[in-house]
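Asks: Next up, target28.cif (mmCIF, C-alpha atoms and all ligand atoms).
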data_target
#
loop_
_atom_site.label_atom_id
_atom_site.label_comp_id
_atom_site.auth_asym_id
_atom_site.auth_seq_id
_atom_site.Cartn_x
_atom_site.Cartn_y
_atom_site.Cartn_z
CA MET A 1 -105.96 -204.15 -86.81
CA SER A 2 -103.48 -201.59 -85.55
CA LEU A 3 -100.49 -202.68 -83.52
CA ILE A 4 -101.11 -199.77 -81.15
CA ARG A 5 -104.30 -197.85 -80.54
CA LEU A 6 -104.57 -195.17 -77.89
CA ASP A 7 -107.91 -193.59 -77.13
CA HIS A 8 -107.91 -190.43 -74.99
CA LEU A 9 -105.03 -191.58 -72.85
CA GLU A 10 -104.45 -189.60 -69.66
CA LYS A 11 -101.41 -189.60 -67.42
CA TYR A 12 -100.79 -187.71 -64.20
CA TYR A 13 -97.80 -187.71 -61.91
CA ASN A 14 -98.43 -187.13 -58.19
CA LYS A 15 -102.17 -187.12 -58.79
CA GLY A 16 -104.16 -185.09 -56.28
CA LYS A 17 -101.05 -183.61 -54.70
CA GLU A 18 -99.78 -180.07 -54.89
CA THR A 19 -97.02 -181.29 -57.20
CA GLN A 20 -99.48 -182.87 -59.68
CA VAL A 21 -98.39 -182.85 -63.33
CA HIS A 22 -100.86 -183.59 -66.14
CA ALA A 23 -98.33 -185.24 -68.45
CA LEU A 24 -100.61 -186.70 -71.16
CA LYS A 25 -103.87 -184.96 -72.01
CA GLY A 26 -106.17 -187.19 -74.01
CA VAL A 27 -103.68 -188.74 -76.41
CA SER A 28 -105.35 -190.67 -79.25
CA LEU A 29 -103.36 -192.33 -82.01
CA GLU A 30 -102.99 -195.48 -84.07
CA ILE A 31 -99.75 -197.05 -85.21
CA GLU A 32 -99.69 -199.87 -87.73
CA SER A 33 -97.30 -202.76 -87.76
CA GLY A 34 -94.16 -201.90 -89.77
CA GLU A 35 -94.28 -198.14 -89.29
CA MET A 36 -91.24 -196.09 -88.33
CA VAL A 37 -92.45 -193.19 -86.23
CA ALA A 38 -90.66 -190.21 -84.74
CA LEU A 39 -92.07 -188.70 -81.59
CA MET A 40 -90.99 -185.07 -81.49
CA GLY A 41 -91.40 -182.41 -78.88
CA VAL A 42 -89.45 -180.15 -76.58
CA SER A 43 -88.15 -181.34 -73.23
CA GLY A 44 -91.06 -181.91 -70.85
CA SER A 45 -93.67 -182.38 -73.59
CA GLY A 46 -94.33 -186.01 -72.55
CA LYS A 47 -92.23 -188.11 -74.94
CA SER A 48 -90.68 -190.38 -72.31
CA THR A 49 -93.98 -190.72 -70.47
CA LEU A 50 -95.71 -191.87 -73.66
CA LEU A 51 -92.92 -194.32 -74.58
CA HIS A 52 -92.91 -195.80 -71.07
CA ILE A 53 -96.68 -196.36 -71.20
CA LEU A 54 -96.42 -197.89 -74.69
CA GLY A 55 -93.75 -200.26 -73.36
CA PHE A 56 -95.79 -201.21 -70.27
CA LEU A 57 -93.15 -199.69 -68.04
CA ASP A 58 -95.65 -197.27 -66.54
CA SER A 59 -99.40 -197.17 -65.96
CA PHE A 60 -101.94 -194.57 -67.12
CA ASP A 61 -104.88 -192.86 -65.41
CA GLY A 62 -107.59 -192.71 -68.06
CA GLY A 63 -108.48 -193.69 -71.61
CA ARG A 64 -107.55 -196.90 -73.39
CA TYR A 65 -104.45 -198.62 -74.69
CA ASP A 66 -105.04 -201.53 -77.09
CA PHE A 67 -102.02 -203.58 -78.14
CA GLU A 68 -102.54 -205.97 -81.08
CA GLY A 69 -106.25 -205.32 -80.87
CA ALA A 70 -106.69 -206.19 -77.20
CA GLY A 71 -107.16 -203.89 -74.23
CA THR A 72 -104.30 -203.81 -71.74
CA SER A 73 -105.92 -202.27 -68.64
CA SER A 74 -107.01 -205.56 -67.14
CA LEU A 75 -103.69 -207.36 -67.61
CA LYS A 76 -101.90 -208.40 -64.43
CA ALA A 77 -98.33 -207.37 -63.70
CA GLU A 78 -96.90 -210.73 -64.74
CA GLU A 79 -98.89 -210.73 -68.01
CA LEU A 80 -97.57 -207.26 -68.78
CA ALA A 81 -94.04 -208.40 -67.95
CA ARG A 82 -94.35 -211.35 -70.33
CA LEU A 83 -95.76 -209.17 -73.12
CA ARG A 84 -92.90 -206.73 -72.57
CA ASN A 85 -90.25 -209.45 -72.65
CA GLU A 86 -91.67 -211.20 -75.74
CA LYS A 87 -92.93 -208.38 -77.92
CA ILE A 88 -91.29 -205.13 -76.94
CA GLY A 89 -87.71 -203.90 -77.02
CA PHE A 90 -86.85 -200.71 -75.16
CA VAL A 91 -83.74 -198.64 -75.75
CA MET A 92 -83.55 -196.40 -72.70
CA GLN A 93 -82.31 -192.85 -72.65
CA ASN A 94 -78.65 -193.03 -71.53
CA PHE A 95 -78.70 -196.70 -72.61
CA GLY A 96 -79.72 -198.20 -69.23
CA LEU A 97 -76.97 -200.81 -69.33
CA ILE A 98 -75.51 -202.66 -66.35
CA LEU A 99 -72.20 -200.86 -66.44
CA HIS A 100 -69.94 -203.28 -64.56
CA GLN A 101 -71.07 -206.20 -66.70
CA ASN A 102 -69.65 -206.90 -70.12
CA ALA A 103 -71.51 -206.48 -73.41
CA LEU A 104 -72.33 -210.19 -73.68
CA GLN A 105 -73.82 -210.32 -70.17
CA ASN A 106 -75.98 -207.27 -70.88
CA VAL A 107 -77.38 -208.77 -74.08
CA SER A 108 -77.90 -212.19 -72.43
CA LEU A 109 -80.19 -210.80 -69.74
CA PRO A 110 -83.50 -210.72 -71.69
CA LEU A 111 -82.68 -214.18 -73.09
CA LEU A 112 -82.21 -215.53 -69.55
CA LEU A 113 -85.51 -213.93 -68.50
CA ASN A 114 -87.66 -215.34 -71.30
CA LYS A 115 -87.18 -218.96 -70.18
CA LYS A 116 -87.59 -220.10 -73.81
CA THR A 117 -84.04 -219.86 -75.05
CA LYS A 118 -82.10 -222.96 -74.03
CA TYR A 119 -79.27 -222.05 -71.68
CA ALA A 120 -76.61 -223.34 -74.08
CA ARG A 121 -78.04 -221.14 -76.88
CA ILE A 122 -77.93 -217.89 -74.92
CA ARG A 123 -74.22 -217.10 -75.25
CA PRO A 124 -74.01 -217.82 -79.01
CA ARG A 125 -77.19 -215.86 -79.67
CA ALA A 126 -75.98 -212.85 -77.66
CA LEU A 127 -72.64 -212.98 -79.47
CA ARG A 128 -74.40 -213.14 -82.85
CA LEU A 129 -76.47 -210.08 -81.96
CA LEU A 130 -73.34 -208.15 -81.04
CA GLN A 131 -71.68 -209.27 -84.29
CA ASP A 132 -74.74 -208.18 -86.31
CA LEU A 133 -74.39 -204.74 -84.75
CA GLY A 134 -70.68 -204.59 -85.54
CA ILE A 135 -69.30 -204.93 -82.00
CA GLY A 136 -68.70 -208.67 -81.71
CA GLU A 137 -65.10 -208.05 -80.72
CA LYS A 138 -66.30 -206.07 -77.66
CA ALA A 139 -68.31 -208.95 -76.20
CA ASP A 140 -66.05 -209.41 -73.17
CA VAL A 141 -65.48 -205.73 -72.43
CA PRO A 142 -67.30 -204.15 -69.44
CA VAL A 143 -69.71 -201.67 -70.99
CA ASP A 144 -68.41 -198.73 -68.95
CA GLN A 145 -65.21 -199.07 -71.01
CA LEU A 146 -67.06 -198.66 -74.34
CA SER A 147 -67.72 -195.43 -76.26
CA GLY A 148 -71.20 -193.90 -76.38
CA GLY A 149 -71.86 -195.31 -79.85
CA GLN A 150 -70.69 -198.77 -78.79
CA GLN A 151 -72.84 -198.65 -75.64
CA GLN A 152 -75.83 -197.67 -77.78
CA ARG A 153 -75.21 -200.71 -80.01
CA VAL A 154 -75.13 -202.96 -76.93
CA ALA A 155 -78.39 -201.37 -75.75
CA ILE A 156 -80.00 -202.02 -79.16
CA ALA A 157 -78.70 -205.62 -79.22
CA ARG A 158 -80.23 -206.16 -75.79
CA ALA A 159 -83.53 -204.56 -76.86
CA ILE A 160 -83.89 -206.81 -79.93
CA ALA A 161 -82.60 -210.04 -78.32
CA ASN A 162 -86.08 -211.59 -78.15
CA LYS A 163 -87.04 -210.40 -81.66
CA PRO A 164 -89.67 -207.89 -80.56
CA LYS A 165 -92.44 -206.65 -82.84
CA LEU A 166 -92.14 -203.21 -81.35
CA LEU A 167 -88.92 -201.32 -80.71
CA LEU A 168 -89.17 -198.19 -78.57
CA ALA A 169 -86.20 -195.86 -78.24
CA ASP A 170 -85.98 -192.80 -76.02
CA GLU A 171 -83.75 -190.16 -77.63
CA PRO A 172 -81.41 -192.88 -78.95
CA THR A 173 -79.12 -190.41 -80.70
CA GLY A 174 -79.30 -187.61 -78.16
CA ALA A 175 -75.93 -188.38 -76.57
CA LEU A 176 -74.09 -189.22 -79.80
CA ASP A 177 -72.05 -187.17 -82.27
CA SER A 178 -73.74 -186.70 -85.64
CA GLN A 179 -71.84 -189.44 -87.49
CA THR A 180 -72.46 -192.03 -84.77
CA ALA A 181 -76.09 -190.87 -84.61
CA GLU A 182 -76.42 -191.53 -88.34
CA GLU A 183 -74.92 -195.03 -87.93
CA VAL A 184 -77.40 -195.80 -85.17
CA MET A 185 -80.26 -194.54 -87.37
CA GLN A 186 -79.09 -196.92 -90.12
CA ILE A 187 -79.43 -199.78 -87.62
CA PHE A 188 -83.03 -198.73 -86.84
CA HIS A 189 -83.80 -198.50 -90.58
CA ARG A 190 -82.41 -201.99 -91.12
CA LEU A 191 -84.45 -203.44 -88.26
CA ASN A 192 -87.56 -201.72 -89.60
CA GLU A 193 -87.08 -202.68 -93.25
CA GLU A 194 -85.44 -206.11 -93.03
CA LYS A 195 -86.92 -207.50 -89.83
CA GLY A 196 -90.24 -205.68 -90.10
CA MET A 197 -89.99 -204.24 -86.62
CA THR A 198 -92.23 -201.32 -85.79
CA VAL A 199 -89.99 -198.54 -84.51
CA ILE A 200 -91.03 -195.56 -82.40
CA LEU A 201 -88.30 -193.19 -81.37
CA ALA A 202 -88.39 -190.00 -79.37
CA THR A 203 -86.16 -187.19 -80.59
CA HIS A 204 -85.97 -183.44 -80.63
CA ASP A 205 -83.67 -183.48 -83.65
CA PRO A 206 -85.63 -182.61 -86.83
CA ARG A 207 -82.99 -184.31 -89.02
CA ILE A 208 -83.50 -187.59 -87.19
CA ALA A 209 -87.29 -187.21 -87.33
CA ALA A 210 -87.17 -186.51 -91.07
CA GLU A 211 -85.70 -189.99 -91.61
CA CYS A 212 -88.85 -191.62 -90.23
CA SER A 213 -91.94 -192.41 -92.28
CA ARG A 214 -94.19 -190.51 -89.91
CA ILE A 215 -93.78 -187.75 -87.33
CA LEU A 216 -95.98 -187.23 -84.29
CA TYR A 217 -95.54 -183.94 -82.44
CA LEU A 218 -96.13 -183.80 -78.70
CA GLU A 219 -96.91 -180.42 -77.27
CA ASP A 220 -97.56 -180.11 -73.55
CA GLY A 221 -99.05 -183.60 -73.39
CA ARG A 222 -101.10 -183.34 -76.57
CA ILE A 223 -100.45 -185.01 -79.93
CA ASN A 224 -100.45 -183.09 -83.15
CA GLU A 225 -99.66 -184.88 -86.41
CA THR A 226 -99.78 -181.93 -88.75
CA GLN A 227 -97.28 -179.34 -87.66
N1 LIG B 301 -91.56 -189.33 -62.32
C1 LIG B 301 -92.09 -188.11 -62.50
N2 LIG B 301 -92.66 -187.45 -61.47
C2 LIG B 301 -93.24 -186.24 -61.63
N3 LIG B 301 -93.30 -185.58 -62.81
C3 LIG B 301 -92.74 -186.18 -63.88
C4 LIG B 301 -92.12 -187.48 -63.79
N4 LIG B 301 -91.67 -187.83 -65.02
C5 LIG B 301 -91.99 -186.82 -65.84
N5 LIG B 301 -92.64 -185.83 -65.16
C6 LIG B 301 -93.18 -184.57 -65.74
O1 LIG B 301 -94.06 -184.93 -66.79
C7 LIG B 301 -93.92 -184.05 -67.91
C8 LIG B 301 -93.50 -184.86 -69.13
O2 LIG B 301 -92.18 -185.38 -68.91
P1 LIG B 301 -91.45 -186.37 -69.92
O3 LIG B 301 -92.40 -187.40 -70.35
O4 LIG B 301 -90.20 -186.82 -69.24
O5 LIG B 301 -91.13 -185.39 -71.13
P2 LIG B 301 -90.00 -185.49 -72.27
O6 LIG B 301 -89.53 -186.90 -72.34
O7 LIG B 301 -90.70 -185.02 -73.51
O8 LIG B 301 -88.91 -184.55 -71.86
C9 LIG B 301 -92.88 -183.02 -67.48
O9 LIG B 301 -93.58 -181.90 -66.94
C10 LIG B 301 -92.11 -183.72 -66.38
O10 LIG B 301 -91.56 -182.80 -65.48
MG MG B 302 -87.63 -187.69 -72.15
#
When written as structure tokens, how does the structure in this file appear?
Ligand SMILES: Nc1ncnc2c1ncn2[C@@H]1O[C@H](COP(=O)(O)OP(=O)(O)O)[C@@H](O)[C@H]1O
Ligand SMILES: [Mg+2]
Replies:
Amino acid sequence: MSLIRLDHLEKYYNKGKETQVHALKGVSLEIESGEMVALMGVSGSGKSTLLHILGFLDSFDGGRYDFEGAGTSSLKAEELARLRNEKIGFVMQNFGLILHQNALQNVSLPLLLNKKTKYARIRPRALRLLQDLGIGEKADVPVDQLSGGQQQRVAIARAIANKPKLLLADEPTGALDSQTAEEVMQIFHRLNEEKGMTVILATHDPRIAAECSRILYLEDGRINETQ
């Protein structure tokens, strides 16, 4: 059973309007548990759209999306929210952090939302995650006072707080210098190899893509694996 199976997935923005965009055009693919996949393509090719649909952050207009062998179309909003909180970590483009809050508060948020972690365990667990990512000493610093690389580490700590099976990252190294980008890639490798997380990251950097075990190319809303 594949972790992810897409069958002729279609996505439109502004459907039926003059401004309609056909963003995904019959995307079919399978991703197995434990893979590390790069999603490559130029700006506007549909990378973010695909990642958002995979992470249940956006809906689709046709085709099928099976997650862990089960269809997702009939799931209600709250079921999708639970699946997202329990099984999926999302590292947003530009980090998506709450800037006036400190690193610890940002990482605590998904732990507060899951209702499973005892309240007293949240702070130590968030601190441990920050320590694992090498920024434990920044726990009390508002994230808008951290460097890009440090903010990216906070964003990754937040994304993996609930030990997701699937980690999605939208151009996670796009805003970083090459050395910091390489450090962040090492974190993704570690999560993939040691924790067995399936990682899918969007990038337009061929050097970053070459570090992944598989590359999917998106071209104008279509997938091509053999470029
Ligand atoms: N919210 C939106 N409303 C309308 N069009 C959008 C929206 N988001 C993305 N698009 C369009 O969908 C296409 C794919 O965009 P996107 O998935 O963001 O590509 P990428 O991440 O590869 O740059 C582009 O033509 C883009 O302009
Ligand atoms: Mg994008």
Asks: Atom CA of A:Ser48 and atom CA of A:Val91, how far apart in Å?
Replies: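 Spanning atom CA of A:Val91 to atom CA of A:Ser48 is a straight-line distance of 11.3 Å.
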Asks: Residues within 10 Å of ligand MG 302 (chain B) (all atoms listed in the file), as a list of chain:residue names?
Replies: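 Counting all atoms listed in the file, the residues within 10 Å of ligand MG 302 (chain B) come out as A:Gly41, A:Val42, A:Ser43, A:Gly44, A:Ser45, A:Gly46, A:Lys47, A:Ser48, A:Thr49, A:Leu50, A:Leu51, A:His52, A:Met92, A:Gln93, A:Asp170, A:Glu171, A:Ala202, A:Thr203, A:His204.
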Asks: Taking into account all atoms listed in the file, which residue in the set A:Ala169, A:Ala81, A:Ala139, A:Ile187 is nearest to ligand LIG 301 (chain B)?
Replies: A:Ala169
Asks: Using all atoms listed in the file, which protein or nucleic acid residues come within 6 Å of A:Leu39? Drop anything in the same chain fewer than 2 positions from it, and give the result as a list in words.
Replies: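 Residues meeting the cut-off are Leu201, Ala202, Leu216 and Tyr217 of chain A.
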Asks: Could you please determine the separation between atom CA of A:Ile53 and atom CA of A:Glu194 in Å, to one decimal place?
Replies: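 These atoms are spaced 26.4 Å apart.
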Asks: Just checking: using all atoms listed in the file, which residue out of A:His8, A:Lys17, A:Arg123, A:His189 ends up closest to ligand LIG 301 (chain B)?
Replies: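 So, comparing all the options, the nearest one is A:Lys17.
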Asks: Which of these, A:Arg153, A:Asn94, A:Val199, A:Leu168, has the shortest distance to A:Thr180 once you count all atoms listed in the file?
Replies: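 Selected residue with least distance to A:Thr180: A:Arg153.
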Asks: Rank A:Asp144, A:Glu183, A:Glu35, A:Glu18 by their smallest atom-to-atom distance to ligand LIG 301 (chain B), using all atoms listed in the file, and report the top residue only.
Replies: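 Result for the nearest residue to ligand LIG 301 (chain B): A:Glu18.
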Asks: Around (-77.2, -204.1, -80.7), as given in the file, which residues come within 7 Å? Count all atoms listed in the file and list them as a PDB file with C-alpha atoms, in the frame of the given file.
Replies:
ATOM      1  CA  LEU A 129     -76.470-210.080 -81.960  1.00  0.00           C
ATOM      2  CA  LEU A 130     -73.340-208.150 -81.040  1.00  0.00           C
ATOM      3  CA  LEU A 133     -74.390-204.740 -84.750  1.00  0.00           C
ATOM      4  CA  ARG A 153     -75.210-200.710 -80.010  1.00  0.00           C
ATOM      5  CA  VAL A 154     -75.130-202.960 -76.930  1.00  0.00           C
ATOM      6  CA  ALA A 155     -78.390-201.370 -75.750  1.00  0.00           C
ATOM      7  CA  ILE A 156     -80.000-202.020 -79.160  1.00  0.00           C
ATOM      8  CA  ALA A 157     -78.700-205.620 -79.220  1.00  0.00           C
ATOM      9  CA  ARG A 158     -80.230-206.160 -75.790  1.00  0.00           C
TER      10      ARG A 158
END
Asks: Around the point (-85.9, -202.7, -87.3) in the file's coordinates, collect all residues with an atom within 12 Å, using all atoms listed in the file, and return them as a PyMOL selection string.
Replies: chain A and resi 33-37+88-89+133+156-157+159-160+163-169+184-201+212
Asks: Given all atoms listed in the file as the basis, pick out the residue of A:Gln105, A:Asp7, A:Met40, A:Asn162 nearest to A:Arg84.
Replies: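 Closest residue, counting all atoms listed in the file: A:Asn162.
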Asks: Using all atoms listed in the file, pick whichever of A:Pro124, A:Val143, A:Glu225, A:Leu218 has the shortest atom-to-atom distance to ligand LIG 301 (chain B).
Replies: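 Checking each candidate against ligand LIG 301 (chain B), we get A:Leu218 as the closest.
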Asks: Which neighbours of stretch 57-69 of chain A fall inside 10 Å, counting only C-alpha atoms, when residues of the same chain fewer than 3 positions from it are skipped, and could you give them as a PyMOL selection string?
Replies: chain A and resi 1-13+15+24-33+49-54+72-73+80-81+83-84+90
Asks: Put those residues in a file: C-alpha atoms, as a tab-separated table (two decimals), in the coordinates of the input.
Replies:
chain	number	residue	atom	x	y	z
A	1	MET	CA	-105.96	-204.15	-86.81
A	2	SER	CA	-103.48	-201.59	-85.55
A	3	LEU	CA	-100.49	-202.68	-83.52
A	4	ILE	CA	-101.11	-199.77	-81.15
A	5	ARG	CA	-104.30	-197.85	-80.54
A	6	LEU	CA	-104.57	-195.17	-77.89
A	7	ASP	CA	-107.91	-193.59	-77.13
A	8	HIS	CA	-107.91	-190.43	-74.99
A	9	LEU	CA	-105.03	-191.58	-72.85
A	10	GLU	CA	-104.45	-189.60	-69.66
A	11	LYS	CA	-101.41	-189.60	-67.42
A	12	TYR	CA	-100.79	-187.71	-64.20
A	13	TYR	CA	-97.80	-187.71	-61.91
A	15	LYS	CA	-102.17	-187.12	-58.79
A	24	LEU	CA	-100.61	-186.70	-71.16
A	25	LYS	CA	-103.87	-184.96	-72.01
A	26	GLY	CA	-106.17	-187.19	-74.01
A	27	VAL	CA	-103.68	-188.74	-76.41
A	28	SER	CA	-105.35	-190.67	-79.25
A	29	LEU	CA	-103.36	-192.33	-82.01
A	30	GLU	CA	-102.99	-195.48	-84.07
A	31	ILE	CA	-99.75	-197.05	-85.21
A	32	GLU	CA	-99.69	-199.87	-87.73
A	33	SER	CA	-97.30	-202.76	-87.76
A	49	THR	CA	-93.98	-190.72	-70.47
A	50	LEU	CA	-95.71	-191.87	-73.66
A	51	LEU	CA	-92.92	-194.32	-74.58
A	52	HIS	CA	-92.91	-195.80	-71.07
A	53	ILE	CA	-96.68	-196.36	-71.20
A	54	LEU	CA	-96.42	-197.89	-74.69
A	72	THR	CA	-104.30	-203.81	-71.74
A	73	SER	CA	-105.92	-202.27	-68.64
A	80	LEU	CA	-97.57	-207.26	-68.78
A	81	ALA	CA	-94.04	-208.40	-67.95
A	83	LEU	CA	-95.76	-209.17	-73.12
A	84	ARG	CA	-92.90	-206.73	-72.57
A	90	PHE	CA	-86.85	-200.71	-75.16
Asks: Rounded to one decimal place, report the atom N1 of ligand LIG 301 (chain B)-atom CA of A:Asn102 distance in Å.
Replies: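 We find that atom N1 of ligand LIG 301 (chain B) and atom CA of A:Asn102 lie 29.1 Å from each other.
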